[in-house]
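The next block is model-v8.txt, given as compact mmCIF, C-alpha atoms.
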```txt
# COMPACT_ATOMS: atom_id res chain seq x y z
CA MET A 1 -29.18 -3.22 43.53
CA SER A 2 -25.85 -3.83 41.88
CA SER A 3 -23.14 -1.27 42.38
CA ILE A 4 -21.67 0.32 39.27
CA PRO A 5 -17.89 -0.21 38.84
CA ALA A 6 -15.98 3.07 39.20
CA PRO A 7 -14.22 2.89 35.79
CA VAL A 8 -17.58 2.44 34.05
CA LEU A 9 -19.14 5.29 36.00
CA TRP A 10 -16.33 7.73 35.32
CA THR A 11 -16.11 6.81 31.65
CA VAL A 12 -19.82 7.50 31.36
CA ILE A 13 -19.58 10.80 33.25
CA ILE A 14 -16.61 12.06 31.24
CA GLY A 15 -17.90 10.72 27.92
CA LEU A 16 -21.34 12.20 28.46
CA ALA A 17 -19.95 15.52 29.62
CA ALA A 18 -17.67 15.81 26.58
CA GLY A 19 -20.34 14.58 24.17
CA SER A 20 -23.06 16.84 25.54
CA TYR A 21 -20.74 19.81 25.43
CA ALA A 22 -19.83 19.02 21.83
CA LEU A 23 -23.53 18.88 20.88
CA ARG A 24 -24.18 22.21 22.60
CA PHE A 25 -21.13 23.89 21.12
CA ALA A 26 -21.51 22.45 17.61
CA PHE A 27 -23.54 25.23 16.05
CA ILE A 28 -23.08 28.21 18.31
CA GLY A 29 -19.30 27.69 18.19
CA PHE A 30 -18.50 26.53 14.68
CA MET A 31 -21.36 27.13 12.31
CA GLY A 32 -21.56 30.90 12.62
CA GLY A 33 -24.76 31.97 10.91
CA ARG A 34 -24.94 29.02 8.52
CA PRO A 35 -28.31 27.27 8.68
CA ILE A 36 -28.54 23.62 9.68
CA PRO A 37 -30.12 21.38 7.01
CA GLU A 38 -33.87 21.00 7.40
CA TRP A 39 -33.87 17.18 7.21
CA LEU A 40 -31.39 17.05 10.11
CA MET A 41 -33.45 19.44 12.25
CA ARG A 42 -36.50 17.32 11.51
CA HIS A 43 -34.84 14.20 12.92
CA LEU A 44 -33.26 15.99 15.89
CA ARG A 45 -36.71 17.11 16.98
CA TYR A 46 -37.84 13.52 17.59
CA THR A 47 -34.81 11.85 19.18
CA ALA A 48 -35.73 12.44 22.83
CA VAL A 49 -39.40 11.60 22.33
CA ALA A 50 -38.33 8.31 20.68
CA ILE A 51 -35.45 7.19 22.93
CA ILE A 52 -37.13 7.80 26.29
CA PRO A 53 -40.35 5.86 25.51
CA ALA A 54 -38.23 3.07 23.98
CA LEU A 55 -36.25 2.90 27.20
CA VAL A 56 -39.26 2.94 29.48
CA ALA A 57 -41.70 0.59 27.69
CA PRO A 58 -39.83 -2.65 28.52
CA LEU A 59 -39.32 -1.44 32.10
CA VAL A 60 -43.09 -1.08 32.46
CA VAL A 61 -44.07 -4.32 30.72
CA TRP A 62 -41.42 -6.38 32.56
CA PRO A 63 -40.94 -4.45 35.83
CA ALA A 64 -37.71 -5.17 37.71
CA PRO A 65 -39.29 -4.99 41.21
CA ASN A 66 -41.54 -7.88 40.19
CA GLY A 67 -38.61 -9.99 38.99
CA GLY A 68 -39.28 -9.03 35.37
CA GLU A 69 -42.77 -10.58 35.39
CA PRO A 70 -45.64 -8.45 34.06
CA SER A 71 -47.53 -6.86 36.94
CA LEU A 72 -50.90 -5.13 36.84
CA MET A 73 -49.96 -2.94 39.82
CA HIS A 74 -46.88 -1.51 38.14
CA PHE A 75 -48.68 -1.12 34.84
CA ALA A 76 -51.50 0.80 36.51
CA ALA A 77 -49.06 3.13 38.28
CA ALA A 78 -47.23 3.69 35.01
CA ALA A 79 -50.48 4.44 33.16
CA ALA A 80 -51.53 6.92 35.86
CA THR A 81 -48.15 8.68 35.70
CA PHE A 82 -48.26 9.00 31.94
CA ALA A 83 -51.90 10.13 31.87
CA ALA A 84 -51.40 12.79 34.56
CA GLY A 85 -48.25 14.09 32.89
CA TYR A 86 -49.95 14.17 29.51
CA LEU A 87 -53.15 15.85 30.67
CA THR A 88 -51.54 18.48 32.92
CA ARG A 89 -48.34 18.91 30.84
CA ASN A 90 -46.59 18.98 34.19
CA VAL A 91 -43.81 16.50 34.92
CA LEU A 92 -44.07 16.82 38.68
CA ILE A 93 -47.84 16.25 38.82
CA GLY A 94 -47.31 13.15 36.68
CA LEU A 95 -44.58 11.84 38.94
CA GLY A 96 -46.56 12.60 42.09
CA THR A 97 -49.66 10.83 40.74
CA GLY A 98 -47.65 7.79 39.73
CA GLY A 99 -45.81 7.55 43.04
CA LEU A 100 -49.02 7.90 44.98
CA SER A 101 -50.90 5.30 42.93
CA LEU A 102 -47.98 2.88 43.29
CA LEU A 103 -48.06 3.39 47.05
CA LEU A 104 -51.85 2.91 47.21
CA LEU A 105 -51.74 -0.24 45.09
CA TYR A 106 -48.90 -1.55 47.23
CA LEU A 107 -50.83 -0.93 50.44
CA ALA A 108 -54.03 -2.44 48.97
CA ALA A 109 -52.25 -5.59 47.75
CA MET B 110 -41.07 45.94 28.73
CA ALA B 111 -37.76 46.88 27.07
CA ILE B 112 -34.55 46.14 28.91
CA THR B 113 -32.26 49.16 29.32
CA THR B 114 -28.86 47.89 30.48
CA THR B 115 -26.77 44.75 30.25
CA LYS B 116 -26.94 44.33 34.00
CA SER B 117 -30.72 44.61 34.09
CA ALA B 118 -30.91 42.09 31.23
CA PHE B 119 -29.07 39.57 33.39
CA TRP B 120 -31.45 40.10 36.31
CA LYS B 121 -34.47 39.94 33.99
CA GLY B 122 -33.32 36.49 32.86
CA PHE B 123 -32.66 35.56 36.47
CA ARG B 124 -36.20 36.50 37.52
CA ASP B 125 -37.87 34.93 34.46
CA SER B 126 -36.24 31.60 35.28
CA ALA B 127 -37.56 31.47 38.86
CA PRO B 128 -40.67 29.35 38.09
CA PHE B 129 -38.42 26.69 36.57
CA LEU B 130 -36.83 26.20 39.99
CA PHE B 131 -39.85 24.18 41.01
CA MET B 132 -39.08 21.78 38.18
CA ALA B 133 -35.28 21.63 38.31
CA SER B 134 -34.85 21.26 42.06
CA PRO B 135 -37.12 18.23 42.63
CA PHE B 136 -35.71 16.50 39.56
CA GLY B 137 -32.14 17.15 40.62
CA PHE B 138 -33.04 15.85 44.06
CA LEU B 139 -34.62 12.72 42.57
CA PHE B 140 -31.55 12.11 40.44
CA GLY B 141 -29.42 12.32 43.58
CA VAL B 142 -31.62 9.86 45.45
CA LEU B 143 -31.66 7.33 42.58
CA ALA B 144 -27.91 7.75 41.98
CA ALA B 145 -27.29 6.96 45.66
CA GLU B 146 -29.59 3.94 45.39
CA ALA B 147 -27.54 2.78 42.42
CA GLY B 148 -24.42 2.93 44.60
CA LEU B 149 -22.99 6.34 43.70
CA ILE B 150 -21.45 8.30 46.55
CA VAL B 151 -22.31 11.98 47.04
CA PRO B 152 -19.23 13.43 45.24
CA GLU B 153 -19.90 11.13 42.26
CA ALA B 154 -23.53 12.21 41.95
CA PHE B 155 -22.45 15.85 42.35
CA ALA B 156 -19.77 15.54 39.65
CA PHE B 157 -22.27 13.79 37.36
CA SER B 158 -24.76 16.66 37.54
CA LEU B 159 -22.10 19.35 37.33
CA ALA B 160 -20.25 17.84 34.35
CA VAL B 161 -23.18 16.59 32.29
CA PHE B 162 -25.91 19.05 33.35
CA ALA B 163 -28.73 17.40 31.41
CA GLY B 164 -31.48 15.72 33.39
CA ALA B 165 -33.05 13.25 30.98
CA ALA B 166 -29.66 12.05 29.68
CA GLN B 167 -28.41 11.53 33.23
CA PHE B 168 -31.45 9.43 34.11
CA THR B 169 -30.97 7.41 30.91
CA ALA B 170 -27.31 6.71 31.69
CA LEU B 171 -28.14 5.77 35.27
CA GLN B 172 -30.80 3.28 34.18
CA LEU B 173 -28.55 1.65 31.57
CA MET B 174 -25.56 1.42 33.92
CA GLN B 175 -27.77 -0.51 36.34
CA GLU B 176 -28.76 -2.87 33.55
CA ASN B 177 -25.03 -3.46 32.93
CA ALA B 178 -25.42 -2.30 29.35
CA PRO B 179 -22.19 -1.97 27.29
CA LEU B 180 -20.44 1.39 27.60
CA ILE B 181 -20.94 2.30 23.98
CA ILE B 182 -24.70 1.71 24.20
CA ILE B 183 -24.94 3.82 27.37
CA LEU B 184 -23.11 6.70 25.71
CA ILE B 185 -25.01 6.53 22.41
CA SER B 186 -28.40 6.34 24.11
CA ALA B 187 -27.78 9.16 26.58
CA LEU B 188 -26.26 11.37 23.89
CA ALA B 189 -29.21 10.64 21.61
CA VAL B 190 -31.50 11.96 24.33
CA ASN B 191 -29.30 15.07 24.30
CA LEU B 192 -29.33 15.58 20.53
CA ARG B 193 -31.95 18.25 21.04
CA MET B 194 -29.19 20.38 22.58
CA ALA B 195 -27.62 20.59 19.11
CA MET B 196 -30.96 21.84 17.83
CA TYR B 197 -31.08 24.49 20.58
CA SER B 198 -27.51 25.48 19.75
CA ALA B 199 -28.45 25.88 16.09
CA SER B 200 -31.52 27.89 16.88
CA LEU B 201 -29.68 30.28 19.25
CA THR B 202 -26.87 30.89 16.76
CA PRO B 203 -28.60 33.73 14.85
CA TYR B 204 -28.96 35.60 18.16
CA LEU B 205 -25.72 34.79 19.99
CA GLY B 206 -23.43 33.70 17.14
CA ASP B 207 -21.63 37.05 16.91
CA ALA B 208 -20.60 37.13 20.59
CA PRO B 209 -16.89 36.68 21.40
CA MET B 210 -15.66 33.08 21.29
CA TRP B 211 -15.09 32.80 25.06
CA GLN B 212 -18.67 33.86 25.69
CA ARG B 213 -20.03 31.38 23.17
CA ALA B 214 -17.83 28.62 24.60
CA LEU B 215 -19.19 29.36 28.07
CA ALA B 216 -22.77 29.75 26.85
CA ALA B 217 -22.63 26.30 25.20
CA TYR B 218 -22.29 24.62 28.60
CA PHE B 219 -25.42 26.41 29.81
CA ILE B 220 -27.71 25.38 26.93
CA VAL B 221 -30.51 23.43 28.63
CA ASP B 222 -34.26 23.15 28.10
CA GLN B 223 -35.10 26.05 30.44
CA SER B 224 -32.47 28.57 29.33
CA TYR B 225 -33.23 27.82 25.69
CA ALA B 226 -36.99 28.10 26.06
CA LEU B 227 -36.81 31.41 27.93
CA SER B 228 -34.14 32.97 25.72
CA ILE B 229 -35.56 32.07 22.32
CA VAL B 230 -38.94 33.55 23.25
CA LYS B 231 -37.29 36.72 24.52
CA PHE B 232 -35.04 37.12 21.47
CA GLU B 233 -37.93 36.60 19.06
CA GLN B 234 -40.13 39.07 20.92
CA GLU B 235 -37.43 41.76 21.10
CA PRO B 236 -35.39 41.65 17.88
CA GLU B 237 -33.96 45.10 18.70
CA MET B 238 -32.17 43.80 21.82
CA PRO B 239 -28.41 44.51 21.53
CA LEU B 240 -26.03 41.52 21.56
CA PRO B 241 -24.45 42.14 25.01
CA GLN B 242 -27.92 42.24 26.55
CA ARG B 243 -28.92 39.02 24.81
CA VAL B 244 -25.83 37.31 26.19
CA ALA B 245 -26.53 38.72 29.66
CA TYR B 246 -30.17 37.59 29.52
CA PHE B 247 -29.13 34.08 28.49
CA PHE B 248 -26.64 33.77 31.36
CA GLY B 249 -29.22 35.27 33.73
CA THR B 250 -31.66 32.44 32.95
CA ASN B 251 -29.03 30.03 34.31
CA GLY B 252 -28.21 32.03 37.45
CA LEU B 253 -30.70 30.09 39.57
CA ILE B 254 -31.24 26.87 37.67
CA THR B 255 -27.64 25.66 37.47
CA PRO B 256 -26.79 25.98 41.19
CA ALA B 257 -30.22 24.58 42.09
CA TRP B 258 -29.73 21.51 39.88
CA VAL B 259 -26.29 20.68 41.23
CA ILE B 260 -27.06 21.38 44.90
CA ALA B 261 -30.35 19.47 44.73
CA THR B 262 -28.48 16.45 43.31
CA ALA B 263 -25.99 16.49 46.19
CA LEU B 264 -28.81 16.80 48.75
CA GLY B 265 -30.71 13.97 47.07
CA ALA B 266 -27.64 11.77 47.15
CA LEU B 267 -27.16 12.54 50.86
CA VAL B 268 -30.75 11.50 51.58
CA GLY B 269 -30.59 8.54 49.18
CA THR B 270 -27.76 6.85 51.06
CA ARG B 271 -30.05 6.72 54.11
CA ILE B 272 -33.04 5.16 52.35
CA PRO B 273 -33.17 1.41 53.07
CA GLU B 274 -33.13 -0.83 50.00
CA SER B 275 -36.35 -2.50 51.15
CA TRP B 276 -38.31 0.60 50.16
CA GLY B 277 -38.08 -0.61 46.58
CA VAL B 278 -37.51 2.68 44.81
CA ASP B 279 -36.38 0.86 41.67
CA PHE B 280 -39.67 1.57 39.92
CA VAL B 281 -39.35 5.31 40.53
CA LEU B 282 -36.93 5.80 37.63
CA PRO B 283 -39.38 4.35 35.05
CA LEU B 284 -42.08 6.56 36.57
CA ALA B 285 -39.82 9.61 36.23
CA PHE B 286 -39.35 8.84 32.51
CA LEU B 287 -43.08 8.35 32.04
CA ALA B 288 -43.82 11.70 33.65
CA MET B 289 -41.36 13.32 31.23
CA ILE B 290 -43.01 11.82 28.13
CA GLY B 291 -46.48 13.38 28.47
CA PRO B 292 -45.38 17.01 28.18
CA MET B 293 -43.12 16.07 25.22
CA LEU B 294 -46.09 15.01 23.05
CA ARG B 295 -46.72 18.45 21.62
CA THR B 296 -47.76 17.52 18.05
CA PRO B 297 -49.20 14.45 16.26
CA ALA B 298 -45.67 13.84 14.92
CA HIS B 299 -44.33 13.59 18.47
CA VAL B 300 -47.10 11.11 19.29
CA ALA B 301 -46.20 9.06 16.20
CA ALA B 302 -42.51 9.00 17.21
CA CYS B 303 -43.40 7.89 20.72
CA PHE B 304 -45.90 5.24 19.59
CA VAL B 305 -43.55 3.65 17.03
CA ALA B 306 -40.65 3.69 19.51
CA VAL B 307 -42.77 1.90 22.13
CA ALA B 308 -44.12 -0.63 19.64
CA ALA B 309 -40.61 -1.38 18.38
CA SER B 310 -38.99 -1.51 21.82
CA LEU B 311 -40.93 -4.53 23.07
CA PRO B 312 -39.90 -7.08 20.41
CA ALA B 313 -36.50 -5.36 20.14
CA ALA B 314 -35.88 -5.98 23.84
CA ALA B 315 -34.86 -9.50 22.80
CA LEU B 316 -31.76 -8.10 21.05
CA PRO B 317 -28.46 -8.47 22.93
CA TYR B 318 -26.39 -5.61 24.42
CA ASN B 319 -29.42 -3.33 24.84
CA LEU B 320 -29.27 -2.77 21.07
CA GLY B 321 -33.07 -2.83 21.06
CA LEU B 322 -33.08 0.65 22.53
CA ILE B 323 -31.05 2.04 19.65
CA VAL B 324 -33.15 0.22 17.04
CA ALA B 325 -36.44 1.36 18.60
CA GLY B 326 -35.10 4.89 19.08
CA ILE B 327 -34.14 5.20 15.42
CA ALA B 328 -37.49 3.77 14.35
CA GLY B 329 -39.31 6.34 16.47
CA MET B 330 -37.15 9.20 15.25
CA VAL B 331 -37.74 8.34 11.58
CA ALA B 332 -41.46 7.91 12.27
CA GLY B 333 -41.61 11.37 13.81
CA ALA B 334 -39.78 12.99 10.91
CA GLN B 335 -41.95 11.21 8.32
CA ALA B 336 -45.14 12.06 10.18
CA GLU B 337 -44.10 15.71 10.22
CA LEU B 338 -43.49 15.66 6.45
CA TRP B 339 -46.81 13.92 5.82
CA LEU B 340 -48.71 16.39 8.00
CA GLU B 341 -47.09 19.30 6.18
CA ARG B 342 -48.13 17.86 2.81
CA GLN B 343 -51.71 17.37 4.07
CA LYS B 344 -51.77 20.98 5.19
CA ILE B 345 -50.55 22.23 1.81
CA LYS B 346 -53.17 20.09 0.05
CA ALA B 347 -55.93 21.41 2.32
CA GLU B 348 -54.84 24.98 1.65
CA GLY B 349 -54.74 24.29 -2.10
CA VAL B 350 -58.39 23.21 -2.02
CA LYS B 351 -59.56 26.43 -0.38
```
Please render this file's structure as structure tokens.
Amino acid sequence: MSSIPAPVLWTVIIGLAAGSYALRFAFIGFMGGRPIPEWLMRHLRYTAVAIIPALVAPLVVWPAPNGGEPSLMHFAAAAATFAAGYLTRNVLIGLGTGGLSLLLLYLAA
Amino acid sequence: MAITTTKSAFWKGFRDSAPFLFMASPFGFLFGVLAAEAGLIVPEAFAFSLAVFAGAAQFTALQLMQENAPLIIILISALAVNLRMAMYSASLTPYLGDAPMWQRALAAYFIVDQSYALSIVKFEQEPEMPLPQRVAYFFGTNGLITPAWVIATALGALVGTRIPESWGVDFVLPLAFLAMIGPMLRTPAHVAACFVAVAASLPAAALPYNLGLIVAGIAGMVAGAQAELWLERQKIKAEGVK
């Protein structure tokens, strides 16, 4: 795996730290009791649930460990992870199921 | 059960947060392991968790750094994952907004999924709670989680440097994201946001500079907001018929 250059890493750490703090401070620090516009709240609610699936879908369809070629094994492990996480509403059960199914498929292959 | 003193409010928050340890610690540990696999040394992983203190955004940044995405894309994407923190900040303001500035400035750092979820429920259930106790409760909810997250990251990074590359842990990060998505799909609007984002991300992956992620993310976000509006209108219509 490629190593990340130190200037990139530290720019990301500092930029993310400052940006995340600004987001957290924005309302509690500056806005006082003023309400945040409803249309903005409505979009904020769906950012994480849009960005994370958008990030992960290509990683599942073209998995890096398989050289970016579609692989049934990785797709199955991904489906198991998602299904377990969705059904139990528990992140750790999802992750455990996915890891285990990946291991089993790897051993069976 | 009503809380009687500021001190007991802190410890109540502390105790209420204990179950979340079983979530925060393994995830912090996993971040440490994957950060080490990506070439970060222990102090770097430790500083990352301490300074940013936001799991999903940290995983996002780590993944994109490994894909050699441009800096600006890494920052925008990871901060977009963290936009919900602004929503938490807004929703806590009616309860904590009158606290002294130094307390609010400190509290801002500690706004995470767990402390928000615990505190907002508590504040809504006990509207009579005096301000100093609210502040104490909020900080109490972080008394375990914050040290656990940072220490678990450092431990994970220590272990991660010893894992041979041949173990092929590079599919674990996608699995970690997938495990996070399921519990996020609380309403049909969340499902719509997720579905549109996935559908858009595959063709958009052809875009240069990882721009596809931003495009697909925006598409999903708008889909979620529109689905919410549509569902609300359907509800009003259904109620009008009755």
Near range 204-208 of chain B, 12 Å: range 246-314 of chain B residue rows, closest pairs, all atoms listed in the file, as JSON lines:
```
{"residue": "B:Tyr246", "atom": "CA", "partner": "B:Leu205", "partner_atom": "CA", "distance": 10.9}
{"residue": "B:Phe247", "atom": "CA", "partner": "B:Leu205", "partner_atom": "CA", "distance": 9.2}
{"residue": "B:Phe248", "atom": "CA", "partner": "B:Leu205", "partner_atom": "CA", "distance": 11.5}
```
### Message
Need the shell around range 318-325 of chain B: protein/DNA/RNA residues with any atom at most 12 Å away, counting all atoms listed in the file. Skip same-chain ones fewer than 3 positions apart. Format as a PyMOL selection string?
### Response
(chain A and resi 47-59) or (chain B and resi 169+172-190+302-315+328-332)
Could you give me, as a tab-separated table, every chain A residue with an atom at most 7 Å from chain B, plus its closest atom pair and distance in Å to one decimal, counting all atoms listed in the file, rows ordered by chain then number?
```
residue	atom	partner	partner_atom	distance
A:Met1	CA	B:Ala147	CA	6.3
A:Ser2	CA	B:Gln175	CA	6.7
A:Ser3	CA	B:Gly148	CA	4.9
A:Ile4	CA	B:Gly148	CA	6.5
A:Val12	CA	B:Leu184	CA	6.6
A:Ile13	CA	B:Phe157	CA	5.8
A:Gly15	CA	B:Leu184	CA	6.9
A:Leu16	CA	B:Val161	CA	6.1
A:Ala17	CA	B:Val161	CA	4.3
A:Gly19	CA	B:Leu188	CA	6.7
A:Ser20	CA	B:Leu188	CA	6.5
A:Tyr21	CA	B:Tyr218	CA	6.0
A:Leu23	CA	B:Ala195	CA	4.8
A:Arg24	CA	B:Ala217	CA	5.1
A:Phe25	CA	B:Ala217	CA	5.0
A:Ala26	CA	B:Ala195	CA	6.6
A:Phe27	CA	B:Ala199	CA	5.0
A:Ile28	CA	B:Thr202	CA	4.9
A:Gly29	CA	B:Arg213	CA	6.2
A:Gly32	CA	B:Gly206	CA	5.6
A:Gly33	CA	B:Pro203	CA	5.8
A:Ile36	CA	B:Ala199	CA	6.8
A:Met41	CA	B:Met196	CA	6.6
A:Arg42	CA	B:Ala334	CA	5.5
A:His43	CA	B:Ala334	CA	5.5
A:Leu44	CA	B:Arg193	CA	5.8
A:Arg45	CA	B:Arg193	CA	6.4
A:Tyr46	CA	B:Met330	CA	5.0
A:Thr47	CA	B:Met330	CA	5.3
A:Ala48	CA	B:Val190	CA	4.5
A:Val49	CA	B:Cys303	CA	5.7
A:Ala50	CA	B:Gly329	CA	4.8
A:Ile51	CA	B:Gly326	CA	4.5
A:Ile52	CA	B:Phe286	CA	6.7
A:Pro53	CA	B:Val307	CA	5.7
A:Ala54	CA	B:Val307	CA	5.0
A:Leu55	CA	B:Leu322	CA	6.1
A:Val56	CA	B:Pro283	CA	5.7
A:Ala57	CA	B:Val307	CA	5.8
A:Pro58	CA	B:Leu311	CA	5.9
A:Leu59	CA	B:Pro283	CA	6.5
A:Pro65	CA	B:Asp279	CA	6.5
A:Ala78	CA	B:Leu284	CA	6.1
A:Thr81	CA	B:Ala288	CA	5.7
A:Phe82	CA	B:Leu287	CA	5.2
A:Gly85	CA	B:Gly291	CA	4.8
A:Tyr86	CA	B:Gly291	CA	3.7
A:Arg89	CA	B:Pro292	CA	4.4
A:Asn90	CA	B:Pro292	CA	6.4
A:Val91	CA	B:Ala288	CA	5.0
A:Gly94	CA	B:Ala288	CA	4.8
A:Leu95	CA	B:Ala288	CA	5.3
A:Gly98	CA	B:Leu284	CA	6.5
```
### Query
So what do you get for CA of Leu267 in chain B versus CA of Val151 in chain B, distance-wise?
6.2 Å
Subset file: range 19-32 of chain A, N, CA and C atoms, as an mmCIF file, in the first residue's frame:
```
data_model
loop_
_atom_site.group_PDB
_atom_site.id
_atom_site.type_symbol
_atom_site.label_atom_id
_atom_site.label_comp_id
_atom_site.auth_asym_id
_atom_site.auth_seq_id
_atom_site.Cartn_x
_atom_site.Cartn_y
_atom_site.Cartn_z
ATOM 1 N N GLY A 19 -11.905 22.426 10.277
ATOM 2 C CA GLY A 19 -13.211 22.427 9.627
ATOM 3 C C GLY A 19 -14.276 21.782 10.489
ATOM 4 N N SER A 20 -13.928 20.644 11.098
ATOM 5 C CA SER A 20 -14.906 19.958 11.950
ATOM 6 C C SER A 20 -15.247 20.815 13.155
ATOM 7 N N TYR A 21 -14.226 21.471 13.706
ATOM 8 C CA TYR A 21 -14.492 22.323 14.864
ATOM 9 C C TYR A 21 -15.417 23.477 14.466
ATOM 10 N N ALA A 22 -15.149 24.050 13.295
ATOM 11 C CA ALA A 22 -15.985 25.166 12.828
ATOM 12 C C ALA A 22 -17.443 24.720 12.684
ATOM 13 N N LEU A 23 -17.643 23.509 12.128
ATOM 14 C CA LEU A 23 -19.012 23.003 11.962
ATOM 15 C C LEU A 23 -19.686 22.810 13.314
ATOM 16 N N ARG A 24 -18.914 22.318 14.284
ATOM 17 C CA ARG A 24 -19.486 22.054 15.612
ATOM 18 C C ARG A 24 -19.759 23.338 16.375
ATOM 19 N N PHE A 25 -18.919 24.340 16.129
ATOM 20 C CA PHE A 25 -19.031 25.592 16.874
ATOM 21 C C PHE A 25 -20.069 26.521 16.250
ATOM 22 N N ALA A 26 -20.319 26.324 14.946
ATOM 23 C CA ALA A 26 -21.095 27.288 14.153
ATOM 24 C C ALA A 26 -22.336 27.791 14.885
ATOM 25 N N PHE A 27 -23.160 26.885 15.343
ATOM 26 C CA PHE A 27 -24.457 27.322 15.885
ATOM 27 C C PHE A 27 -24.400 27.577 17.375
ATOM 28 N N ILE A 28 -23.747 26.651 18.084
ATOM 29 C CA ILE A 28 -23.712 26.786 19.532
ATOM 30 C C ILE A 28 -22.899 28.030 19.915
ATOM 31 N N GLY A 29 -21.946 28.416 19.080
ATOM 32 C CA GLY A 29 -21.099 29.560 19.391
ATOM 33 C C GLY A 29 -21.644 30.885 18.905
ATOM 34 N N PHE A 30 -22.141 30.910 17.676
ATOM 35 C CA PHE A 30 -22.476 32.187 17.047
ATOM 36 C C PHE A 30 -23.963 32.493 16.978
ATOM 37 N N MET A 31 -24.758 31.448 16.764
ATOM 38 C CA MET A 31 -26.143 31.702 16.378
ATOM 39 C C MET A 31 -27.034 32.084 17.550
ATOM 40 N N GLY A 32 -26.545 31.831 18.791
ATOM 41 C CA GLY A 32 -27.410 32.083 19.929
ATOM 42 C C GLY A 32 -28.651 31.229 19.791
#
```
